[in-house]
$ cat start-v1.cif   # mmCIF, C-alpha atoms
data_model
#
loop_
_atom_site.label_atom_id
_atom_site.label_comp_id
_atom_site.auth_asym_id
_atom_site.auth_seq_id
_atom_site.Cartn_x
_atom_site.Cartn_y
_atom_site.Cartn_z
CA LEU L 610 101.63 17.80 300.47
CA PHE L 611 103.18 20.66 302.43
CA LEU L 612 102.04 19.21 305.77
CA ALA L 613 103.66 15.87 305.03
CA THR L 614 107.13 17.46 305.07
CA LEU L 615 106.77 19.23 308.41
CA THR L 616 108.48 17.92 311.52
CA TYR L 617 106.60 17.23 314.75
CA ASP L 618 108.01 20.43 316.27
CA THR L 619 106.61 22.63 313.51
CA LEU L 620 103.36 20.68 313.59
CA ARG L 621 102.82 21.78 317.18
CA PHE L 622 102.15 25.28 315.90
CA GLU L 623 99.98 24.17 312.98
CA TYR L 624 97.30 22.68 315.24
CA GLU L 625 95.06 24.58 317.57
CA ASP L 626 95.39 23.66 321.21
CA PHE L 627 92.34 22.69 323.26
CA PRO L 628 89.90 25.54 323.89
CA GLU L 629 89.92 26.95 327.42
CA THR L 630 86.49 25.70 328.39
CA LYS L 631 84.66 24.47 331.47
CA GLU L 632 83.13 21.73 329.30
CA PRO L 633 84.62 18.30 330.08
CA VAL L 634 86.81 16.63 327.48
CA TRP L 635 85.84 13.00 326.83
CA ILE L 636 88.41 10.62 325.28
CA LEU L 637 87.32 7.00 324.79
CA GLY L 638 85.37 6.74 328.03
CA ARG L 639 87.66 8.99 330.13
CA LYS L 640 86.61 12.41 331.39
CA TYR L 641 89.14 15.23 331.67
CA SER L 642 89.24 18.91 332.59
CA VAL L 643 91.18 21.20 330.23
CA PHE L 644 92.18 23.42 333.17
CA THR L 645 93.73 20.78 335.42
CA GLU L 646 94.49 17.82 333.14
CA LYS L 647 95.76 19.15 329.83
CA GLU L 648 98.96 17.08 329.98
CA GLU L 649 96.93 13.94 330.76
CA ILE L 650 94.64 14.63 327.78
CA LEU L 651 97.57 15.00 325.39
CA LEU L 652 99.28 11.90 326.82
CA ASP L 653 96.09 9.87 326.34
CA VAL L 654 95.77 11.07 322.73
CA THR L 655 99.47 10.46 321.97
CA SER L 656 99.17 6.93 323.34
CA ARG L 657 96.60 5.92 320.72
CA LEU L 658 98.12 4.19 317.70
CA TRP L 659 98.04 6.65 314.78
CA PHE L 660 98.03 5.19 311.29
CA THR L 661 98.49 7.50 308.31
CA TYR L 662 99.14 7.23 304.61
CA ARG L 663 102.55 5.66 303.96
CA LYS L 664 104.79 5.51 300.90
CA ASN L 665 107.47 3.09 299.67
CA PHE L 666 106.04 -0.02 301.30
CA PRO L 667 106.26 -3.41 299.49
CA ALA L 668 103.86 -3.49 296.55
CA ILE L 669 100.39 -4.76 297.52
CA GLY L 670 99.85 -8.16 295.90
CA GLY L 671 103.41 -8.04 294.52
CA THR L 672 102.57 -5.69 291.64
CA GLY L 673 100.07 -3.22 293.18
CA PRO L 674 100.45 0.21 294.81
CA THR L 675 103.45 1.03 297.05
CA SER L 676 101.59 3.93 298.70
CA ASP L 677 98.02 4.43 299.89
CA THR L 678 98.00 8.23 299.58
CA GLY L 679 94.62 9.39 298.26
CA TRP L 680 92.73 6.12 298.73
CA GLY L 681 93.67 4.48 302.04
CA CYS L 682 92.28 6.89 304.65
CA MET L 683 89.27 4.73 305.63
CA LEU L 684 91.51 1.66 305.73
CA ARG L 685 93.85 3.53 308.10
CA CYS L 686 90.89 4.56 310.27
CA GLY L 687 89.79 0.92 310.39
CA GLN L 688 93.31 0.03 311.54
CA MET L 689 93.15 2.70 314.26
CA ILE L 690 89.82 1.59 315.75
CA PHE L 691 90.96 -2.04 315.67
CA ALA L 692 94.36 -1.17 317.15
CA GLN L 693 92.53 0.46 320.05
CA ALA L 694 90.70 -2.84 320.61
CA LEU L 695 94.04 -4.71 320.63
CA VAL L 696 95.55 -2.15 323.02
CA CYS L 697 92.61 -2.65 325.41
CA ARG L 698 92.90 -6.43 325.01
CA HIS L 699 96.67 -6.78 325.54
CA LEU L 700 97.81 -3.61 327.34
CA GLY L 701 94.68 -2.19 329.01
CA ARG L 702 92.94 1.18 328.66
CA ASP L 703 95.31 2.76 331.22
CA TRP L 704 98.46 1.96 329.22
CA ARG L 705 100.41 5.03 328.05
CA TRP L 706 103.12 5.54 325.44
CA ILE L 707 105.95 7.81 326.60
CA LYS L 708 108.55 8.89 324.06
CA GLY L 709 111.90 7.25 324.73
CA LYS L 710 110.55 4.88 327.39
CA ARG L 711 111.11 1.18 326.77
CA GLN L 712 107.80 -0.52 325.99
CA MET L 713 106.72 -4.05 326.84
CA ASP L 714 106.76 -6.83 324.24
CA ASN L 715 102.98 -6.89 323.93
CA TYR L 716 103.04 -3.31 322.70
CA PHE L 717 105.35 -4.26 319.82
CA ASN L 718 103.22 -7.35 319.13
CA VAL L 719 100.19 -5.07 318.72
CA LEU L 720 102.09 -2.58 316.55
CA ASN L 721 103.56 -5.35 314.37
CA ALA L 722 100.04 -6.56 313.58
CA PHE L 723 99.52 -3.35 311.55
CA ILE L 724 102.92 -2.82 309.87
CA ASP L 725 102.80 -2.29 306.08
CA LYS L 726 103.81 -5.75 304.91
CA LYS L 727 101.87 -8.69 303.59
CA ASP L 728 102.22 -11.00 306.61
CA SER L 729 100.95 -8.59 309.32
CA TYR L 730 97.44 -9.52 310.50
CA TYR L 731 95.85 -6.14 309.82
CA SER L 732 98.28 -4.54 307.35
CA ILE L 733 97.09 -2.30 304.52
CA HIS L 734 98.13 -5.24 302.28
CA GLN L 735 95.80 -7.66 304.05
CA ILE L 736 92.90 -5.19 304.20
CA ALA L 737 93.19 -4.22 300.53
CA GLN L 738 93.48 -7.83 299.34
CA MET L 739 90.71 -9.12 301.61
CA GLY L 740 88.54 -6.30 300.23
CA VAL L 741 88.72 -7.87 296.78
CA GLY L 742 86.43 -10.59 298.15
CA GLU L 743 84.00 -7.85 299.17
CA GLY L 744 83.90 -6.52 295.61
CA LYS L 745 86.48 -3.76 296.10
CA SER L 746 89.46 -3.51 293.78
CA ILE L 747 92.83 -2.59 295.32
CA GLY L 748 93.10 1.18 295.56
CA GLN L 749 89.33 1.71 295.67
CA TRP L 750 87.56 3.72 298.38
CA TYR L 751 86.02 1.80 301.30
CA GLY L 752 83.08 2.95 303.36
CA PRO L 753 82.89 2.30 307.13
CA ASN L 754 80.80 -0.85 306.55
CA THR L 755 83.27 -2.43 304.16
CA VAL L 756 86.31 -1.86 306.35
CA ALA L 757 84.41 -3.32 309.34
CA GLN L 758 83.54 -6.47 307.36
CA VAL L 759 87.13 -6.92 306.18
CA LEU L 760 88.57 -6.48 309.71
CA LYS L 761 86.11 -9.07 311.00
CA LYS L 762 87.43 -11.58 308.47
CA LEU L 763 91.07 -10.79 309.24
CA ALA L 764 90.53 -11.16 313.00
CA THR L 765 89.77 -14.87 312.54
CA PHE L 766 93.47 -15.41 311.72
CA ASP L 767 94.65 -13.51 314.82
CA THR L 768 94.70 -16.39 317.30
CA TRP L 769 96.90 -14.39 319.69
CA SER L 770 94.13 -11.84 320.30
CA SER L 771 91.31 -14.42 320.08
CA LEU L 772 88.62 -11.79 319.52
CA ALA L 773 84.93 -12.23 318.83
CA VAL L 774 84.07 -9.58 316.23
CA HIS L 775 80.40 -8.77 315.73
CA ILE L 776 79.05 -6.32 313.18
CA ALA L 777 75.51 -5.26 314.03
CA MET L 778 73.56 -4.70 310.84
CA ASP L 779 70.16 -3.06 310.28
CA ASN L 780 70.72 -0.64 313.21
CA THR L 781 70.02 -3.52 315.60
CA VAL L 782 72.23 -5.14 318.25
CA VAL L 783 70.93 -8.61 319.16
CA MET L 784 72.22 -9.61 322.61
CA GLU L 785 71.55 -13.32 322.11
CA GLU L 786 73.71 -13.38 318.94
CA ILE L 787 76.61 -11.70 320.73
CA ARG L 788 76.45 -14.04 323.73
CA ARG L 789 76.42 -17.04 321.42
CA LEU L 790 79.44 -15.69 319.53
CA CYS L 791 81.47 -14.80 322.63
CA GLN L 792 80.78 -18.04 324.48
CA SER L 793 81.49 -20.36 321.55
CA ASN L 794 85.19 -21.03 322.21
CA PHE L 795 85.06 -22.99 325.46
CA LEU L 796 86.27 -26.60 325.08
CA CYS L 797 84.06 -27.24 322.06
CA ALA L 798 83.53 -26.15 318.50
CA GLY L 799 79.85 -25.24 318.48
CA ALA L 800 78.06 -23.03 320.97
CA ALA L 801 75.02 -25.34 320.99
CA ALA L 802 77.17 -28.20 322.32
CA CYS L 803 78.30 -26.16 325.34
CA PRO L 804 76.01 -26.61 328.35
CA VAL L 805 76.28 -24.01 331.09
CA VAL L 806 78.67 -25.46 333.66
CA GLU L 807 77.41 -25.40 337.24
CA SER L 808 79.96 -24.23 339.78
CA ASP L 809 80.08 -27.52 341.72
CA VAL L 810 80.90 -29.44 338.54
CA LEU L 811 83.39 -26.79 337.48
CA TYR L 812 85.44 -27.08 340.66
CA ASN L 813 85.20 -30.88 340.84
CA GLY L 814 88.79 -32.14 340.72
CA TYR L 815 90.21 -28.68 339.97
CA PRO L 816 91.96 -26.25 342.24
CA GLU L 817 89.58 -23.35 342.81
CA GLU L 818 91.83 -20.88 340.93
CA ALA L 819 91.68 -23.06 337.82
CA GLY L 820 87.90 -23.03 338.02
CA VAL L 821 87.85 -19.26 338.15
CA ARG L 822 90.31 -19.07 335.26
CA ASP L 823 88.26 -21.51 333.16
CA ARG L 824 85.09 -19.64 333.87
CA LEU L 825 86.72 -16.40 332.72
CA SER L 826 87.60 -18.10 329.44
CA LEU L 827 83.91 -18.72 328.82
CA TRP L 828 83.84 -15.26 327.23
CA LYS L 829 85.86 -14.28 324.18
CA PRO L 830 86.70 -10.54 324.24
CA LEU L 831 84.17 -8.73 322.05
CA VAL L 832 84.79 -6.10 319.39
CA LEU L 833 81.38 -4.69 318.49
CA LEU L 834 81.16 -2.53 315.36
CA ILE L 835 77.87 -0.86 314.45
CA PRO L 836 77.68 0.69 310.97
CA LEU L 837 75.05 3.47 311.00
CA ARG L 838 73.55 6.11 308.78
CA LEU L 839 72.52 9.11 310.88
CA GLY L 840 70.77 11.15 308.18
CA LEU L 841 70.64 11.47 304.42
CA THR L 842 73.24 14.02 303.39
CA GLU L 843 74.07 15.48 306.80
CA ILE L 844 73.83 14.24 310.38
CA ASN L 845 70.38 14.55 311.93
CA GLU L 846 70.78 16.79 315.00
CA ALA L 847 68.56 14.46 317.03
CA TYR L 848 71.40 11.88 317.11
CA ILE L 849 74.13 14.22 318.36
CA GLU L 850 73.48 13.74 322.10
CA THR L 851 73.47 9.94 321.69
CA LEU L 852 76.69 10.03 319.69
CA LYS L 853 78.36 12.06 322.45
CA HIS L 854 77.26 9.47 325.04
CA CYS L 855 79.04 6.74 323.06
CA PHE L 856 82.38 8.47 323.77
CA MET L 857 81.50 8.58 327.49
CA MET L 858 81.19 4.80 327.86
CA PRO L 859 84.25 2.97 329.25
CA GLN L 860 83.78 0.38 326.48
CA SER L 861 84.18 3.03 323.74
CA LEU L 862 86.54 2.34 320.83
CA GLY L 863 85.51 5.57 319.12
CA VAL L 864 83.96 6.14 315.70
CA ILE L 865 85.20 5.88 312.13
CA GLY L 866 83.67 8.15 309.51
CA GLY L 867 84.46 11.66 308.49
CA LYS L 868 83.29 14.27 306.08
CA PRO L 869 82.90 13.75 302.34
CA ASN L 870 86.26 12.93 300.71
CA SER L 871 88.14 12.22 303.93
CA ALA L 872 87.87 9.63 306.70
CA HIS L 873 88.84 10.30 310.31
CA TYR L 874 89.11 8.30 313.54
CA PHE L 875 87.04 10.09 316.19
CA ILE L 876 88.21 9.43 319.75
CA GLY L 877 86.18 11.93 321.80
CA TYR L 878 84.51 15.30 322.02
CA VAL L 879 84.53 18.63 323.83
CA GLY L 880 81.45 20.87 323.71
CA GLU L 881 80.06 20.67 320.15
CA GLU L 882 83.35 19.52 318.62
CA LEU L 883 84.59 16.03 317.86
CA ILE L 884 88.24 15.18 318.59
CA TYR L 885 89.92 13.02 315.96
CA LEU L 886 93.11 11.53 314.59
CA ASP L 887 93.68 12.34 310.92
CA PRO L 888 95.31 9.80 308.57
CA HIS L 889 95.92 12.39 305.80
CA THR L 890 99.68 12.79 306.25
CA THR L 891 102.02 10.71 304.08
CA GLN L 892 104.96 9.25 305.99
CA PRO L 893 107.67 6.85 304.77
CA ALA L 894 106.99 3.18 305.48
CA VAL L 895 108.79 1.92 308.60
CA GLU L 896 110.98 -1.15 308.76
CA PRO L 897 112.77 -2.72 311.74
CA ASN L 898 116.29 -1.29 312.25
CA ASP L 899 119.50 -3.35 312.31
CA SER L 900 118.88 -4.52 315.86
CA GLY L 901 115.40 -5.76 314.87
CA CYS L 902 113.73 -2.92 316.79
CA LEU L 903 110.81 -1.10 315.23
CA PRO L 904 111.09 2.72 315.30
CA ASP L 905 107.64 3.63 316.61
CA GLU L 906 107.52 7.41 317.03
CA SER L 907 105.69 8.00 313.76
CA PHE L 908 102.81 5.80 315.00
CA HIS L 909 101.92 8.30 317.74
CA CYS L 910 100.38 11.71 317.09
CA GLN L 911 102.58 14.06 319.11
CA HIS L 912 100.70 17.29 318.46
CA PRO L 913 97.29 18.37 319.78
CA PRO L 914 94.58 16.37 318.00
CA CYS L 915 92.31 17.85 315.32
CA ARG L 916 88.76 19.00 316.05
CA MET L 917 85.68 19.60 313.94
CA SER L 918 82.08 20.56 314.55
CA ILE L 919 79.83 17.53 315.10
CA ALA L 920 77.37 19.06 312.60
CA GLU L 921 79.96 18.59 309.81
CA LEU L 922 80.15 14.82 310.32
CA ASP L 923 79.14 12.73 307.30
CA PRO L 924 76.07 10.69 308.36
CA SER L 925 77.68 7.36 307.39
CA ILE L 926 79.77 6.08 310.34
CA ALA L 927 80.68 2.96 312.29
CA VAL L 928 80.70 3.07 316.11
CA GLY L 929 82.98 0.68 318.01
CA PHE L 930 82.93 -0.85 321.50
CA PHE L 931 85.18 -3.35 323.29
CA CYS L 932 83.89 -5.67 326.02
CA ASN L 933 86.73 -7.68 327.56
CA THR L 934 84.41 -9.69 329.83
CA GLU L 935 80.77 -10.67 329.98
CA GLU L 936 80.36 -8.16 332.83
CA ASP L 937 81.63 -5.43 330.50
CA PHE L 938 79.01 -6.43 327.93
CA ASN L 939 76.19 -6.55 330.51
CA ASP L 940 77.23 -3.12 331.77
CA TRP L 941 77.29 -1.78 328.19
CA CYS L 942 73.75 -3.11 327.61
CA GLN L 943 72.53 -1.35 330.78
CA GLN L 944 74.08 1.93 329.66
CA ILE L 945 72.48 1.68 326.21
CA LYS L 946 69.10 1.01 327.82
CA LYS L 947 69.50 4.05 330.08
CA LEU L 948 70.50 6.14 327.09
CA SER L 949 67.12 5.49 325.49
CA LEU L 950 65.59 7.40 328.44
CA VAL L 951 67.67 10.56 327.93
CA ARG L 952 65.42 13.38 326.76
CA GLY L 953 66.23 14.89 323.40
CA ALA L 954 68.50 11.97 322.43
CA LEU L 955 67.27 9.81 319.55
CA PRO L 956 68.62 6.23 319.75
CA MET L 957 71.12 5.52 316.95
CA PHE L 958 70.41 1.79 317.08
CA GLU L 959 68.09 -0.69 318.76
CA LEU L 960 69.19 -3.16 321.47
CA VAL L 961 67.08 -6.33 321.54
CA GLU L 962 67.36 -9.66 323.36
CA ARG L 963 66.47 -11.85 320.37
CA GLN L 964 66.37 -11.61 316.61
CA PRO L 965 63.16 -9.73 315.65
CA SER L 966 60.78 -11.76 313.51
CA HIS L 967 60.96 -9.24 310.66
CA PHE L 968 64.64 -10.26 310.28
CA SER L 969 63.66 -13.52 308.68
CA ASN L 970 65.19 -12.59 305.31
CA PRO L 971 67.88 -15.30 304.88
CA ASP L 972 70.12 -12.84 303.04
CA VAL L 973 70.43 -10.81 306.23
CA LEU L 974 70.67 -13.75 308.63
CA ASN L 975 73.28 -15.82 306.86
CA LEU L 976 75.95 -13.25 306.11
CA THR L 977 78.92 -14.77 307.87
CA PRO L 978 82.56 -13.75 307.56
CA ASP L 979 82.96 -16.75 305.27
CA SER L 980 80.29 -15.63 302.82
CA SER L 981 81.78 -15.41 299.36
CA ASP L 982 78.72 -13.84 297.77
CA ALA L 983 80.22 -10.44 297.05
CA ASP L 984 77.00 -9.16 295.48
CA ARG L 985 75.00 -9.71 298.67
CA LEU L 986 77.75 -8.17 300.77
CA GLU L 987 77.86 -5.18 298.45
CA ARG L 988 74.11 -4.72 298.66
CA PHE L 989 73.89 -4.86 302.45
CA PHE L 990 77.12 -3.27 303.53
CA ASP L 991 78.18 -0.82 300.93
CA SER L 992 75.35 1.50 300.02
CA GLU L 993 77.18 4.45 301.52
CA ASP L 994 80.32 4.20 299.42
CA GLU L 995 78.94 6.13 296.46
CA ASP L 996 78.67 9.23 298.64
CA PHE L 997 82.45 9.56 298.79
CA GLU L 998 84.83 10.55 296.04
CA ILE L 999 88.39 9.36 295.90
CA LEU L 1000 90.85 12.19 296.50
CA SER L 1001 92.88 13.11 293.45
CA LEU L 1002 96.58 12.38 293.92
#
$ encode --input "start-v1.cif" --output "structure tokens"
Amino acid sequence: LFLATLTYDTLRFEYEDFPETKEPVWILGRKYSVFTEKEEILLDVTSRLWFTYRKNFPAIGGTGPTSDTGWGCMLRCGQMIFAQALVCRHLGRDWRWIKGKRQMDNYFNVLNAFIDKKDSYYSIHQIAQMGVGEGKSIGQWYGPNTVAQVLKKLATFDTWSSLAVHIAMDNTVVMEEIRRLCQSNFLCAGAAACPVVESDVLYNGYPEEAGVRDRLSLWKPLVLLIPLRLGLTEINEAYIETLKHCFMMPQSLGVIGGKPNSAHYFIGYVGEELIYLDPHTTQPAVEPNDSGCLPDESFHCQHPPCRMSIAELDPSIAVGFFCNTEEDFNDWCQQIKKLSLVRGALPMFELVERQPSHFSNPDVLNLTPDSSDADRLERFFDSEDEDFEILSL
């Protein structure tokens, strides 16, 4: 509670600065040196959208909670990893937030998608209410799997972003499934009805630029979320090297997880420490001011980010990646394949071309975002939730 009342200036002294180390600092696919690029590191971190507990927002469902303190930290982490996907989609990985500088409209469009009100695409209201369909009552703890499933459902309403969201279950990423999902929006409803267009047909009667543009639209930008369990009660050391490599990939959206009782959004690492944004600060809900402008400073973490030892990480996590184009996805697949050759690094998941035959269980195959069978969803996606306790208020 004490921390929640501190100003940003006092917070600067509450958080340790980066260690003076020769080890590189990795933030969401970017490599930095503490000695020569400290300002750039802090600017990159500050530019991520930071979602924390809020109080005094409109009641969820009209009569529910008006604050998410004590129960919403995993929901906020889900918002952060998804906001990073939207930033990459609409603003690009190189975009930076600078205090006081006028931002482009797309930035406010992204931010508005997460504001604490019922009609924002990915608001705490939407996530909590959509979670009811997943067997979670409002105010109940979510695990990484559950929040990933809920965000996937909500993304179908976000036609502006037009994302393909894939959640890889059973520690297996099936390339064929992802290609089918990402290529399914081109001039037809079903992927099966879409033949591959040869270039001479594509350009027939079109200016060449239009052909290129249409071909680019053959791929819906991909948000890939992979829920994983990297050990029983603590993380198995054999996975640590692989986990680090995930933060080194340009497609990285980071990791949601934490330690028992508290969820964090991990955006990078230095040495044996993970770098994360922490949602456990309660701030007042934000509303547009009289001129219709949204005060946005409280959505950016303006002090050095938190760090924790990788060994303390709870083994239940979800790893995220964003592939804007098919080339991005192909490149990601190549990197994952190379990663399996790194000595001393145990793969966290399997990458396969087609659905393995042992996946023939229809319960696993047919879980779509439209599935209303909460019991099956609970069984497949939510086994980790019992390992967390809800924080007492």
$ residues_around --input "start-v1.cif" --residues "range 653-669 of chain L" --least-positions-apart "6" --cutoff "6 Å" --atoms "all atoms listed in the file" --output "ChimeraX atom specification"
/L:675-678,685,705-706,734,888,890-894,908-911
$ resolve_selection --input "start-v1.cif" --expression "the PyMOL selection byres ((chain L and resi 876) around 7)" --output "list in words"
Ile636, Leu637, Gly863, Val864, Tyr874, Phe875, Gly877, Ile884 and Tyr885 of chain L
$ residues_around --input "start-v1.cif" --residues "range 841-847 of chain L" --least-positions-apart "5" --cutoff "10 Å" --atoms "all atoms listed in the file" --output "number ranges by chain"
L: 852, 868-869, 919-925, 953-957, 996
$ closest_residue --input "start-v1.cif" --among "L:Ile747, L:Ile733, L:Val783, L:Val832" --to "Cys942 in chain L" --atoms "all atoms listed in the file"
L:Val783
$ closest_residue --input "start-v1.cif" --among "L:Leu903, L:Leu948, L:Ala927, L:Glu881" --to "Met778 in chain L" --atoms "only C-alpha atoms"
L:Ala927
$ resolve_selection --input "start-v1.cif" --expression "the PyMOL selection byres ((chain L and resi 859) around 12)" --output "count of residues only"
30
$ closest_residue --input "start-v1.cif" --among "L:Arg789, L:Lys631, L:Lys745, L:Lys947" --to "Arg963 in chain L" --atoms "all atoms listed in the file"
L:Arg789
$ atom_distance --input "start-v1.cif" --atom1 "CA of Ile849 in chain L" --atom2 "CA of Ser642 in chain L"
21.3 Å
$ atom_distance --input "start-v1.cif" --atom1 "CA of Gly709 in chain L" --atom2 "CA of Asp887 in chain L"
23.4 Å
$ resolve_selection --input "start-v1.cif" --expression "the PyMOL selection byres ((chain L and resi 644) around 12)" --output "NGL selection string"
:L and (627-634 or 641-643 or 645-650)
$ atom_distance --input "start-v1.cif" --atom1 "CA of Trp828 in chain L" --atom2 "CA of Thr765 in chain L"
15.8 Å
$ closest_residue --input "start-v1.cif" --among "L:Leu839, L:Gly681, L:Met784, L:Glu936" --to "Tyr751 in chain L" --atoms "all atoms listed in the file"
L:Gly681
$ closest_residue --input "start-v1.cif" --among "L:Ile724, L:Leu834, L:Cys902, L:Val961" --to "Arg711 in chain L" --atoms "only C-alpha atoms"
L:Cys902
$ closest_residue --input "start-v1.cif" --among "L:Ala694, L:Ile707, L:Val756, L:Leu883" --to "Ala773 in chain L" --atoms "all atoms listed in the file"
L:Ala694
